[in-house]
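Peer 1: Take a look at target_16.csv, CSV, C-alpha atoms:
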chain,number,residue,atom,x,y,z
A,1262,MET,CA,59.7,43.1,-65.7
A,1263,ARG,CA,56.1,43.7,-66.5
A,1264,GLN,CA,55.4,46.1,-69.4
A,1265,ARG,CA,53.6,49.1,-68.3
A,1266,PRO,CA,50.8,50.4,-70.5
A,1267,ALA,CA,51.8,53.6,-72.3
A,1268,ILE,CA,48.7,55.4,-71.1
A,1269,ALA,CA,49.6,54.9,-67.5
A,1270,CYS,CA,53.1,56.1,-68.1
A,1271,ALA,CA,51.7,59.2,-69.7
A,1272,LYS,CA,49.5,59.8,-66.7
A,1273,LEU,CA,52.3,59.4,-64.3
A,1274,ALA,CA,54.6,61.6,-66.3
A,1275,LEU,CA,51.9,64.2,-66.6
A,1276,SER,CA,51.4,64.3,-62.9
A,1277,CYS,CA,55.1,64.6,-62.4
A,1278,ALA,CA,55.3,67.6,-64.8
A,1279,ASN,CA,52.3,69.4,-63.3
A,1280,THR,CA,53.2,72.6,-61.7
A,1281,GLN,CA,50.5,73.1,-59.0
A,1282,ALA,CA,52.0,74.5,-55.8
A,1283,ALA,CA,51.4,72.7,-52.6
A,1284,ALA,CA,53.4,71.3,-49.8
A,1285,ILE,CA,52.2,67.9,-48.6
A,1286,PRO,CA,53.6,64.9,-50.4
A,1287,LEU,CA,51.4,62.2,-49.0
A,1288,ARG,CA,47.8,62.2,-50.1
A,1289,THR,CA,45.2,59.6,-50.5
A,1290,GLY,CA,43.6,59.4,-53.9
A,1291,PRO,CA,41.9,56.9,-56.2
A,1292,VAL,CA,43.8,53.7,-56.8
A,1293,LEU,CA,44.6,54.1,-60.4
A,1294,HIS,CA,46.3,50.8,-60.8
A,1295,ARG,CA,47.1,47.7,-58.8
A,1296,LEU,CA,50.7,46.7,-58.3
A,1297,ASN,CA,52.0,43.2,-58.7
A,1298,HIS,CA,53.7,42.2,-55.4
A,1299,MET,CA,55.7,39.6,-57.3
A,1300,VAL,CA,57.6,42.1,-59.3
A,1301,GLN,CA,61.3,41.9,-58.7
A,1302,TYR,CA,63.2,45.0,-57.8
A,1303,SER,CA,66.7,45.9,-58.7
A,1304,ASN,CA,68.6,47.6,-55.9
A,1305,THR,CA,70.7,49.6,-58.3
A,1306,THR,CA,67.9,51.2,-60.3
A,1307,ILE,CA,66.6,53.4,-57.4
A,1308,ASP,CA,69.1,56.2,-57.7
A,1309,ALA,CA,69.0,56.1,-61.5
A,1310,THR,CA,65.2,56.2,-61.6
A,1311,PHE,CA,65.1,59.0,-59.0
A,1312,ALA,CA,67.8,61.0,-60.8
A,1313,ALA,CA,66.0,60.5,-64.1
A,1314,VAL,CA,62.6,61.9,-62.9
A,1315,ALA,CA,64.1,64.6,-60.7
A,1316,ASP,CA,64.6,66.8,-63.8
A,1317,PRO,CA,61.6,68.7,-65.2
A,1318,THR,CA,62.8,68.4,-68.8
A,1319,ARG,CA,63.1,64.6,-68.5
A,1320,ARG,CA,59.6,64.5,-66.9
A,1321,GLY,CA,58.4,66.5,-69.9
A,1322,ILE,CA,60.1,64.0,-72.3
A,1323,LEU,CA,58.3,61.1,-70.6
A,1324,GLU,CA,55.1,63.0,-70.9
A,1325,ARG,CA,55.6,63.5,-74.7
A,1326,LEU,CA,56.6,59.9,-75.2
A,1327,GLY,CA,53.5,58.8,-73.3
A,1328,ALA,CA,51.6,60.2,-76.3
A,1329,GLY,CA,53.7,58.3,-78.8
A,1330,GLU,CA,57.2,57.7,-80.2
A,1331,ARG,CA,59.4,60.6,-81.0
A,1332,SER,CA,62.8,60.9,-82.6
A,1333,ILE,CA,65.6,62.5,-80.7
A,1334,SER,CA,65.6,65.4,-83.2
A,1335,ASP,CA,61.9,65.9,-82.6
A,1336,LEU,CA,62.4,66.1,-78.9
A,1337,ALA,CA,65.4,68.4,-79.3
A,1338,ALA,CA,63.3,70.7,-81.4
A,1339,ALA,CA,60.5,70.7,-78.9
A,1340,TYR,CA,62.8,71.8,-76.2
A,1341,ASP,CA,64.9,74.2,-78.4
A,1342,MET,CA,67.9,72.1,-77.4
A,1343,THR,CA,70.9,70.7,-79.3
A,1344,LEU,CA,70.9,67.1,-80.4
A,1345,THR,CA,73.8,66.5,-78.0
A,1346,GLY,CA,71.9,68.0,-75.1
A,1347,MET,CA,68.8,65.9,-75.8
A,1348,LYS,CA,70.8,62.8,-76.3
A,1349,LYS,CA,72.2,63.2,-72.8
A,1350,HIS,CA,68.7,63.5,-71.3
A,1351,VAL,CA,67.5,60.5,-73.2
A,1352,HIS,CA,70.5,58.6,-72.1
A,1353,VAL,CA,69.7,59.2,-68.5
A,1354,LEU,CA,66.1,58.0,-69.0
A,1355,GLU,CA,67.4,55.0,-71.0
A,1356,VAL,CA,69.8,54.0,-68.2
A,1357,ALA,CA,66.9,54.1,-65.8
A,1358,GLY,CA,64.8,51.9,-68.1
A,1359,LEU,CA,62.2,54.6,-68.5
A,1360,VAL,CA,62.9,55.0,-72.2
A,1361,VAL,CA,64.1,52.7,-74.9
A,1362,THR,CA,65.6,53.9,-78.2
A,1363,GLU,CA,66.0,52.3,-81.6
A,1364,LYS,CA,67.8,53.4,-84.6
A,1365,VAL,CA,65.4,53.6,-87.6
A,1366,GLY,CA,67.1,54.7,-90.8
A,1367,ARG,CA,68.9,57.9,-90.1
A,1368,THR,CA,67.0,58.8,-86.9
A,1369,ARG,CA,66.9,57.4,-83.4
A,1370,GLN,CA,63.3,56.8,-82.2
A,1371,CYS,CA,62.4,57.0,-78.5
A,1372,ARG,CA,59.5,55.4,-76.7
A,1373,VAL,CA,58.4,54.6,-73.2
A,1374,GLY,CA,60.6,51.9,-71.7
A,1375,PRO,CA,59.7,48.9,-69.6
A,1376,ALA,CA,60.7,50.3,-66.2
A,1377,ARG,CA,57.9,51.3,-64.0
A,1378,LEU,CA,58.2,54.7,-62.4
A,1379,GLU,CA,56.1,54.2,-59.4
A,1380,GLU,CA,57.4,51.9,-56.6
A,1381,GLU,CA,60.9,53.1,-56.0
A,1382,ALA,CA,60.8,56.6,-57.4
A,1383,VAL,CA,57.5,57.7,-56.1
A,1384,TRP,CA,57.5,56.5,-52.6
A,1385,ILE,CA,61.1,57.3,-52.0
A,1386,ALA,CA,60.8,60.7,-53.6
A,1387,ASN,CA,57.7,61.4,-51.6
A,1388,TYR,CA,59.2,60.4,-48.3
A,1389,ARG,CA,62.5,62.0,-49.1
A,1390,ALA,CA,61.0,65.3,-50.2
A,1391,MET,CA,59.0,65.4,-47.0
A,1392,LEU,CA,62.0,64.7,-44.9
A,1393,GLU,CA,64.0,67.4,-46.7
A,1394,ALA,CA,61.2,69.9,-46.4
A,1395,ARG,CA,61.1,69.2,-42.7
A,1396,LEU,CA,64.8,69.7,-42.3
A,1397,ASP,CA,64.7,72.9,-44.4
A,1398,ARG,CA,62.0,74.2,-42.1
A,1399,LEU,CA,63.9,73.2,-39.0
A,1400,GLY,CA,67.0,75.0,-40.4
A,1401,ASP,CA,64.9,78.2,-41.0
A,1402,PHE,CA,63.3,77.8,-37.5
A,1403,LEU,CA,66.7,77.5,-35.8
A,1404,GLY,CA,68.1,80.3,-37.9
A,1405,HIS,CA,65.3,82.7,-36.9
A,1406,THR,CA,65.2,81.9,-33.2
A,1407,HIS,CA,67.6,83.3,-30.7
A,1408,GLY,CA,68.6,82.7,-27.1
A,1409,ASP,CA,65.6,82.2,-24.9
A,1410,ASP,CA,63.3,81.2,-27.8
A,1411,VAL,CA,64.7,77.7,-27.9
B,962,MET,CA,73.5,80.0,-43.3
B,963,THR,CA,74.5,78.4,-46.6
B,964,ASP,CA,75.5,75.1,-45.1
B,965,LEU,CA,72.0,74.7,-43.8
B,966,MET,CA,71.0,73.9,-47.3
B,967,ASN,CA,73.7,71.3,-47.9
B,968,ALA,CA,71.7,68.2,-47.1
B,969,ALA,CA,73.7,65.1,-48.1
B,970,LEU,CA,71.3,62.4,-49.4
B,971,THR,CA,72.1,58.8,-50.0
B,972,THR,CA,70.2,55.6,-50.5
B,973,PRO,CA,72.5,53.1,-48.8
B,974,SER,CA,70.2,50.2,-49.9
B,975,ASP,CA,66.8,49.8,-51.5
B,976,ARG,CA,65.3,49.9,-48.0
B,977,GLU,CA,67.1,53.0,-46.6
B,978,ILE,CA,67.3,56.7,-47.0
B,979,ARG,CA,70.1,58.6,-45.2
B,980,VAL,CA,70.0,62.3,-44.9
B,981,GLU,CA,72.8,64.4,-43.3
B,982,ARG,CA,72.3,68.0,-42.5
B,983,VAL,CA,74.3,70.6,-40.6
B,984,PHE,CA,72.5,73.3,-38.6
B,985,ASN,CA,74.0,76.5,-37.2
B,986,ALA,CA,72.7,75.8,-33.7
B,987,SER,CA,73.9,74.0,-30.6
B,988,ARG,CA,73.0,70.4,-30.1
B,989,ASP,CA,70.9,71.2,-27.1
B,990,LYS,CA,69.0,73.8,-29.2
B,991,VAL,CA,68.3,71.3,-32.0
B,992,TRP,CA,67.3,68.6,-29.6
B,993,LYS,CA,64.8,71.0,-28.0
B,994,ALA,CA,63.4,72.0,-31.3
B,995,MET,CA,62.8,68.3,-32.1
B,996,THR,CA,61.3,67.3,-28.8
B,997,ASP,CA,59.4,70.2,-27.3
B,998,PRO,CA,55.8,70.0,-28.7
B,999,LYS,CA,55.4,73.8,-28.9
B,1000,LEU,CA,58.6,74.1,-30.9
B,1001,LEU,CA,58.0,71.0,-33.0
B,1002,ALA,CA,54.7,72.5,-34.1
B,1003,GLN,CA,56.5,75.4,-35.6
B,1004,TRP,CA,58.5,73.6,-38.1
B,1005,TRP,CA,57.5,69.9,-38.6
B,1006,GLY,CA,54.5,70.7,-40.7
B,1007,ARG,CA,56.7,72.5,-43.3
B,1008,GLY,CA,54.6,75.6,-43.1
B,1009,ASN,CA,51.3,73.7,-42.7
B,1010,LYS,CA,49.4,73.9,-39.5
B,1011,LEU,CA,50.6,71.1,-37.2
B,1012,VAL,CA,48.8,69.8,-34.1
B,1013,VAL,CA,51.0,67.8,-31.8
B,1014,GLU,CA,48.5,65.5,-30.2
B,1015,LYS,CA,51.0,63.4,-28.2
B,1016,LEU,CA,54.7,63.5,-27.6
B,1017,ASP,CA,55.6,61.1,-24.8
B,1018,LEU,CA,59.3,61.3,-25.0
B,1019,VAL,CA,60.4,58.0,-23.3
B,1020,ARG,CA,61.2,54.6,-24.6
B,1021,GLY,CA,58.0,53.0,-25.8
B,1022,GLY,CA,56.3,56.4,-25.6
B,1023,HIS,CA,53.7,57.4,-28.3
B,1024,TRP,CA,54.0,60.4,-30.6
B,1025,ARG,CA,51.3,61.6,-32.9
B,1026,VAL,CA,51.1,64.8,-35.0
B,1027,VAL,CA,48.4,65.9,-37.4
B,1028,GLU,CA,49.2,68.1,-40.4
B,1029,HIS,CA,46.4,70.3,-41.8
B,1030,ALA,CA,46.8,71.2,-45.4
B,1031,ASP,CA,44.3,72.2,-48.1
B,1032,GLY,CA,41.3,71.3,-45.9
B,1033,GLN,CA,42.7,67.8,-45.4
B,1034,THR,CA,44.3,66.3,-42.4
B,1035,HIS,CA,47.3,63.9,-42.4
B,1036,GLY,CA,48.1,62.1,-39.2
B,1037,PHE,CA,51.5,60.7,-38.5
B,1038,GLU,CA,52.5,58.7,-35.5
B,1039,GLY,CA,54.8,56.2,-34.0
B,1040,ARG,CA,56.6,55.1,-30.9
B,1041,TYR,CA,60.0,56.0,-29.5
B,1042,ARG,CA,62.3,53.0,-29.4
B,1043,GLU,CA,65.3,54.9,-28.0
B,1044,VAL,CA,65.5,58.3,-26.5
B,1045,THR,CA,69.0,59.5,-25.5
B,1046,PRO,CA,69.2,63.2,-24.9
B,1047,PRO,CA,70.6,65.1,-26.6
B,1048,GLU,CA,72.1,62.8,-29.1
B,1049,ARG,CA,69.8,60.1,-30.4
B,1050,ILE,CA,66.2,59.2,-31.1
B,1051,VAL,CA,65.0,56.0,-32.7
B,1052,GLN,CA,61.3,56.0,-33.5
B,1053,THR,CA,58.8,54.3,-35.7
B,1054,PHE,CA,56.9,56.4,-38.3
B,1055,GLU,CA,53.6,55.6,-39.7
B,1056,TRP,CA,51.2,57.6,-41.9
B,1057,ASP,CA,47.5,57.2,-41.2
B,1058,GLY,CA,46.9,56.5,-44.9
B,1059,MET,CA,48.7,53.2,-44.5
B,1060,PRO,CA,48.3,52.0,-41.0
B,1061,GLY,CA,50.6,49.2,-40.0
B,1062,HIS,CA,53.2,50.0,-42.5
B,1063,VAL,CA,56.2,51.2,-40.5
B,1064,ILE,CA,59.3,53.1,-41.3
B,1065,LEU,CA,62.1,53.0,-38.6
B,1066,GLU,CA,63.7,56.4,-38.3
B,1067,THR,CA,67.1,56.8,-36.5
B,1068,MET,CA,68.1,60.4,-35.8
B,1069,THR,CA,71.5,61.2,-34.5
B,1070,LEU,CA,72.7,64.6,-33.4
B,1071,GLU,CA,76.5,65.2,-33.6
B,1072,ASP,CA,78.0,68.2,-31.8
B,1073,LEU,CA,80.4,69.9,-34.3
B,1074,GLY,CA,81.3,72.6,-31.8
B,1075,ASP,CA,80.9,76.4,-32.5
B,1076,ASP,CA,77.2,76.1,-32.2
B,1077,ARG,CA,77.0,73.7,-35.1
B,1078,THR,CA,75.2,70.4,-35.1
B,1079,LYS,CA,75.0,67.6,-37.6
B,1080,LEU,CA,71.7,65.7,-37.8
B,1081,VAL,CA,71.8,62.3,-39.5
B,1082,THR,CA,68.5,60.7,-40.3
B,1083,VAL,CA,68.4,57.1,-41.5
B,1084,SER,CA,65.0,55.9,-42.5
B,1085,LEU,CA,64.5,52.1,-42.9
B,1086,PHE,CA,61.6,50.8,-44.8
B,1087,MET,CA,60.7,47.5,-43.1
B,1088,THR,CA,60.1,45.5,-46.3
B,1089,ASN,CA,59.7,46.0,-50.0
B,1090,GLN,CA,56.1,44.7,-49.5
B,1091,ASP,CA,55.5,47.7,-47.2
B,1092,ARG,CA,56.7,50.0,-49.9
B,1093,ASP,CA,54.4,48.3,-52.4
B,1094,GLY,CA,51.6,48.8,-49.9
B,1095,MET,CA,52.3,52.5,-49.6
B,1096,MET,CA,52.0,52.7,-53.3
B,1097,GLN,CA,48.8,50.7,-53.4
B,1098,SER,CA,47.1,53.3,-51.3
B,1099,GLY,CA,47.2,55.5,-54.3
B,1100,MET,CA,49.9,58.1,-53.9
B,1101,GLU,CA,49.8,59.4,-57.4
B,1102,GLY,CA,47.8,62.4,-56.3
B,1103,GLY,CA,50.7,63.4,-54.1
B,1104,MET,CA,53.2,63.3,-56.9
B,1105,ASN,CA,52.8,66.8,-58.1
B,1106,GLN,CA,53.4,68.2,-54.7
B,1107,SER,CA,56.2,66.0,-53.8
B,1108,TYR,CA,58.1,66.6,-57.0
B,1109,GLN,CA,57.4,70.3,-56.6
B,1110,ALA,CA,58.9,70.1,-53.1
B,1111,LEU,CA,61.8,68.1,-54.6
B,1112,ASP,CA,62.3,70.7,-57.3
B,1113,ARG,CA,62.4,73.4,-54.6
B,1114,VAL,CA,64.8,71.5,-52.5
B,1115,LEU,CA,67.1,70.7,-55.5
B,1116,ALA,CA,67.0,74.3,-56.7
B,1117,ALA,CA,67.8,75.4,-53.2
B,1118,MET,CA,70.8,73.0,-53.1
B,1119,ASN,CA,72.4,74.7,-56.1
Write the structure described by the file as structure tokens, please.
Peer 2:
Amino acid sequence: MRQRPAIACAKLALSCANTQAAAIPLRTGPVLHRLNHMVQYSNTTIDATFAAVADPTRRGILERLGAGERSISDLAAAYDMTLTGMKKHVHVLEVAGLVVTEKVGRTRQCRVGPARLEEEAVWIANYRAMLEARLDRLGDFLGHTHGDDV
Amino acid sequence: MTDLMNAALTTPSDREIRVERVFNASRDKVWKAMTDPKLLAQWWGRGNKLVVEKLDLVRGGHWRVVEHADGQTHGFEGRYREVTPPERIVQTFEWDGMPGHVILETMTLEDLGDDRTKLVTVSLFMTNQDRDGMMQSGMEGGMNQSYQALDRVLAAMN
């Protein structure tokens, strides 16, 4: 799998962590990078990747790692979290290939991993979120209409 | 009302998304909400203004809706491949931002009795290349919003 530059990972993670409110998932924008059509995809990583980036803490971790390596204890301190709790988050990211860890002396260092966040996670997340939002809205609509309305 | 929020999501393969959802409404009512242009306009846009430009509900018929959000417009369209009232619609789905890249949506309505209806939507991405193409159009700008929407949905599912 192609190594993704750390800066691009940071940009992606940052946009994930951003908290602007809006509804529409599909939006045209500048093409920030070109994808390689020859990249091979693993069928099994989709759910893992999606689950990994669905959590705001884990998106925040990716954002921090985009700026450089951090130890698990650094990350735990940054989130006021126990080492055990942070290890679990890092493990989820590691399984998805978004983070790699390495034991250095008495600490475990984390850095951005080789998996690329975009193809599976972004498009599926976008489409899926749109689908779910539509169904939520339909549920509300059906819940608020009566008899002759529909 | 609580079961309205219990959407069951799976990705049966790397090309499919399957969403199951139960609504507290009769199958006829859900069908009508999905196929009557005036009713569709009230929910499909997820709170954004939606203009239903075309909804020709027959096999081969063309549907087109335009969502207005933040001063921008987003057109979606496709053709109906199967229309079997009140239980099944198979349609293609395209976004104007990536013309020619098609998702096949199969929507099945199951009557659960007691004015409850299960809607199962299976979305099939035609090829991995199509999915790559979607990405090439530059979707990063939409990530904030989509993850926000995702967060809301996930929070609502708790």
Peer 1: Between atom CA of Val1063 of chain B and atom CA of Glu977 of chain B, what is the distance in Å, rounded to a tenth?
Peer 2: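 That distance, rounded to one decimal, is 12.6 Å.
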Peer 1: May I have the residues within 6 Å of Arg1077 of chain B as a list in words, using all atoms listed in the file and disregarding those fewer than 4 positions away in the same chain?
Peer 2: Phe984, Asn985, Ala986, Ser987 and Leu1073 of chain B
Peer 1: From the set B:Ile1050, B:Val1019, B:Met995, B:Val1026, which residue has the shortest atom-to-atom contact distance to Val1083 of chain B, counting all atoms listed in the file?
Peer 2: B:Ile1050
Peer 1: Calculate how many Å separate atom CA of Ala994 of chain B from atom CA of Leu1403 of chain A, rounding to one decimal.
Peer 2: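 These atoms are spaced 7.8 Å apart.
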Peer 1: Quick one, how far is atom CA of Leu1085 of chain B from atom CA of Thr971 of chain B?
Peer 2: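 Separation between atom CA of Leu1085 of chain B and atom CA of Thr971 of chain B: 12.4 Å.
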Peer 1: Save N, CA and C atoms of segment 974-992 of chain B from the block above as a PDB file, in the first residue's frame.
Peer 2:
ATOM      1  N   SER B 974     -20.478  -6.192   1.470  1.00  0.00           N
ATOM      2  CA  SER B 974     -19.248  -6.361   0.703  1.00  0.00           C
ATOM      3  C   SER B 974     -18.637  -4.981   0.544  1.00  0.00           C
ATOM      4  N   ASP B 975     -17.486  -4.926  -0.106  1.00  0.00           N
ATOM      5  CA  ASP B 975     -16.847  -3.620  -0.267  1.00  0.00           C
ATOM      6  C   ASP B 975     -17.577  -2.767  -1.289  1.00  0.00           C
ATOM      7  N   ARG B 976     -18.596  -3.318  -1.916  1.00  0.00           N
ATOM      8  CA  ARG B 976     -19.360  -2.549  -2.897  1.00  0.00           C
ATOM      9  C   ARG B 976     -20.778  -2.270  -2.449  1.00  0.00           C
ATOM     10  N   GLU B 977     -21.145  -2.714  -1.244  1.00  0.00           N
ATOM     11  CA  GLU B 977     -22.533  -2.568  -0.825  1.00  0.00           C
ATOM     12  C   GLU B 977     -22.683  -1.938   0.544  1.00  0.00           C
ATOM     13  N   ILE B 978     -23.773  -1.192   0.678  1.00  0.00           N
ATOM     14  CA  ILE B 978     -24.205  -0.709   1.987  1.00  0.00           C
ATOM     15  C   ILE B 978     -25.650  -1.172   2.148  1.00  0.00           C
ATOM     16  N   ARG B 979     -25.967  -1.727   3.304  1.00  0.00           N
ATOM     17  CA  ARG B 979     -27.337  -2.185   3.550  1.00  0.00           C
ATOM     18  C   ARG B 979     -27.833  -1.504   4.814  1.00  0.00           C
ATOM     19  N   VAL B 980     -28.974  -0.860   4.703  1.00  0.00           N
ATOM     20  CA  VAL B 980     -29.559  -0.177   5.855  1.00  0.00           C
ATOM     21  C   VAL B 980     -30.984  -0.679   6.054  1.00  0.00           C
ATOM     22  N   GLU B 981     -31.257  -1.130   7.266  1.00  0.00           N
ATOM     23  CA  GLU B 981     -32.620  -1.564   7.627  1.00  0.00           C
ATOM     24  C   GLU B 981     -33.192  -0.567   8.601  1.00  0.00           C
ATOM     25  N   ARG B 982     -34.458  -0.269   8.415  1.00  0.00           N
ATOM     26  CA  ARG B 982     -35.045   0.739   9.287  1.00  0.00           C
ATOM     27  C   ARG B 982     -36.543   0.460   9.422  1.00  0.00           C
ATOM     28  N   VAL B 983     -37.046   0.516  10.659  1.00  0.00           N
ATOM     29  CA  VAL B 983     -38.474   0.283  10.884  1.00  0.00           C
ATOM     30  C   VAL B 983     -39.165   1.617  11.133  1.00  0.00           C
ATOM     31  N   PHE B 984     -40.268   1.839  10.458  1.00  0.00           N
ATOM     32  CA  PHE B 984     -41.059   3.054  10.657  1.00  0.00           C
ATOM     33  C   PHE B 984     -42.409   2.692  11.257  1.00  0.00           C
ATOM     34  N   ASN B 985     -42.888   3.568  12.117  1.00  0.00           N
ATOM     35  CA  ASN B 985     -44.214   3.377  12.692  1.00  0.00           C
ATOM     36  C   ASN B 985     -45.249   3.979  11.762  1.00  0.00           C
ATOM     37  N   ALA B 986     -45.447   3.344  10.656  1.00  0.00           N
ATOM     38  CA  ALA B 986     -46.428   3.799   9.671  1.00  0.00           C
ATOM     39  C   ALA B 986     -46.749   2.609   8.774  1.00  0.00           C
ATOM     40  N   SER B 987     -47.927   2.659   8.180  1.00  0.00           N
ATOM     41  CA  SER B 987     -48.314   1.556   7.303  1.00  0.00           C
ATOM     42  C   SER B 987     -47.440   1.556   6.047  1.00  0.00           C
ATOM     43  N   ARG B 988     -47.402   0.408   5.386  1.00  0.00           N
ATOM     44  CA  ARG B 988     -46.579   0.321   4.181  1.00  0.00           C
ATOM     45  C   ARG B 988     -47.081   1.282   3.098  1.00  0.00           C
ATOM     46  N   ASP B 989     -48.385   1.403   2.979  1.00  0.00           N
ATOM     47  CA  ASP B 989     -48.929   2.340   1.979  1.00  0.00           C
ATOM     48  C   ASP B 989     -48.484   3.771   2.256  1.00  0.00           C
ATOM     49  N   LYS B 990     -48.460   4.107   3.537  1.00  0.00           N
ATOM     50  CA  LYS B 990     -48.091   5.464   3.915  1.00  0.00           C
ATOM     51  C   LYS B 990     -46.609   5.724   3.602  1.00  0.00           C
ATOM     52  N   VAL B 991     -45.759   4.762   3.925  1.00  0.00           N
ATOM     53  CA  VAL B 991     -44.332   4.923   3.640  1.00  0.00           C
ATOM     54  C   VAL B 991     -44.116   4.997   2.129  1.00  0.00           C
ATOM     55  N   TRP B 992     -44.808   4.128   1.418  1.00  0.00           N
ATOM     56  CA  TRP B 992     -44.689   4.135  -0.047  1.00  0.00           C
ATOM     57  C   TRP B 992     -45.056   5.502  -0.607  1.00  0.00           C
TER      58      TRP B 992
END
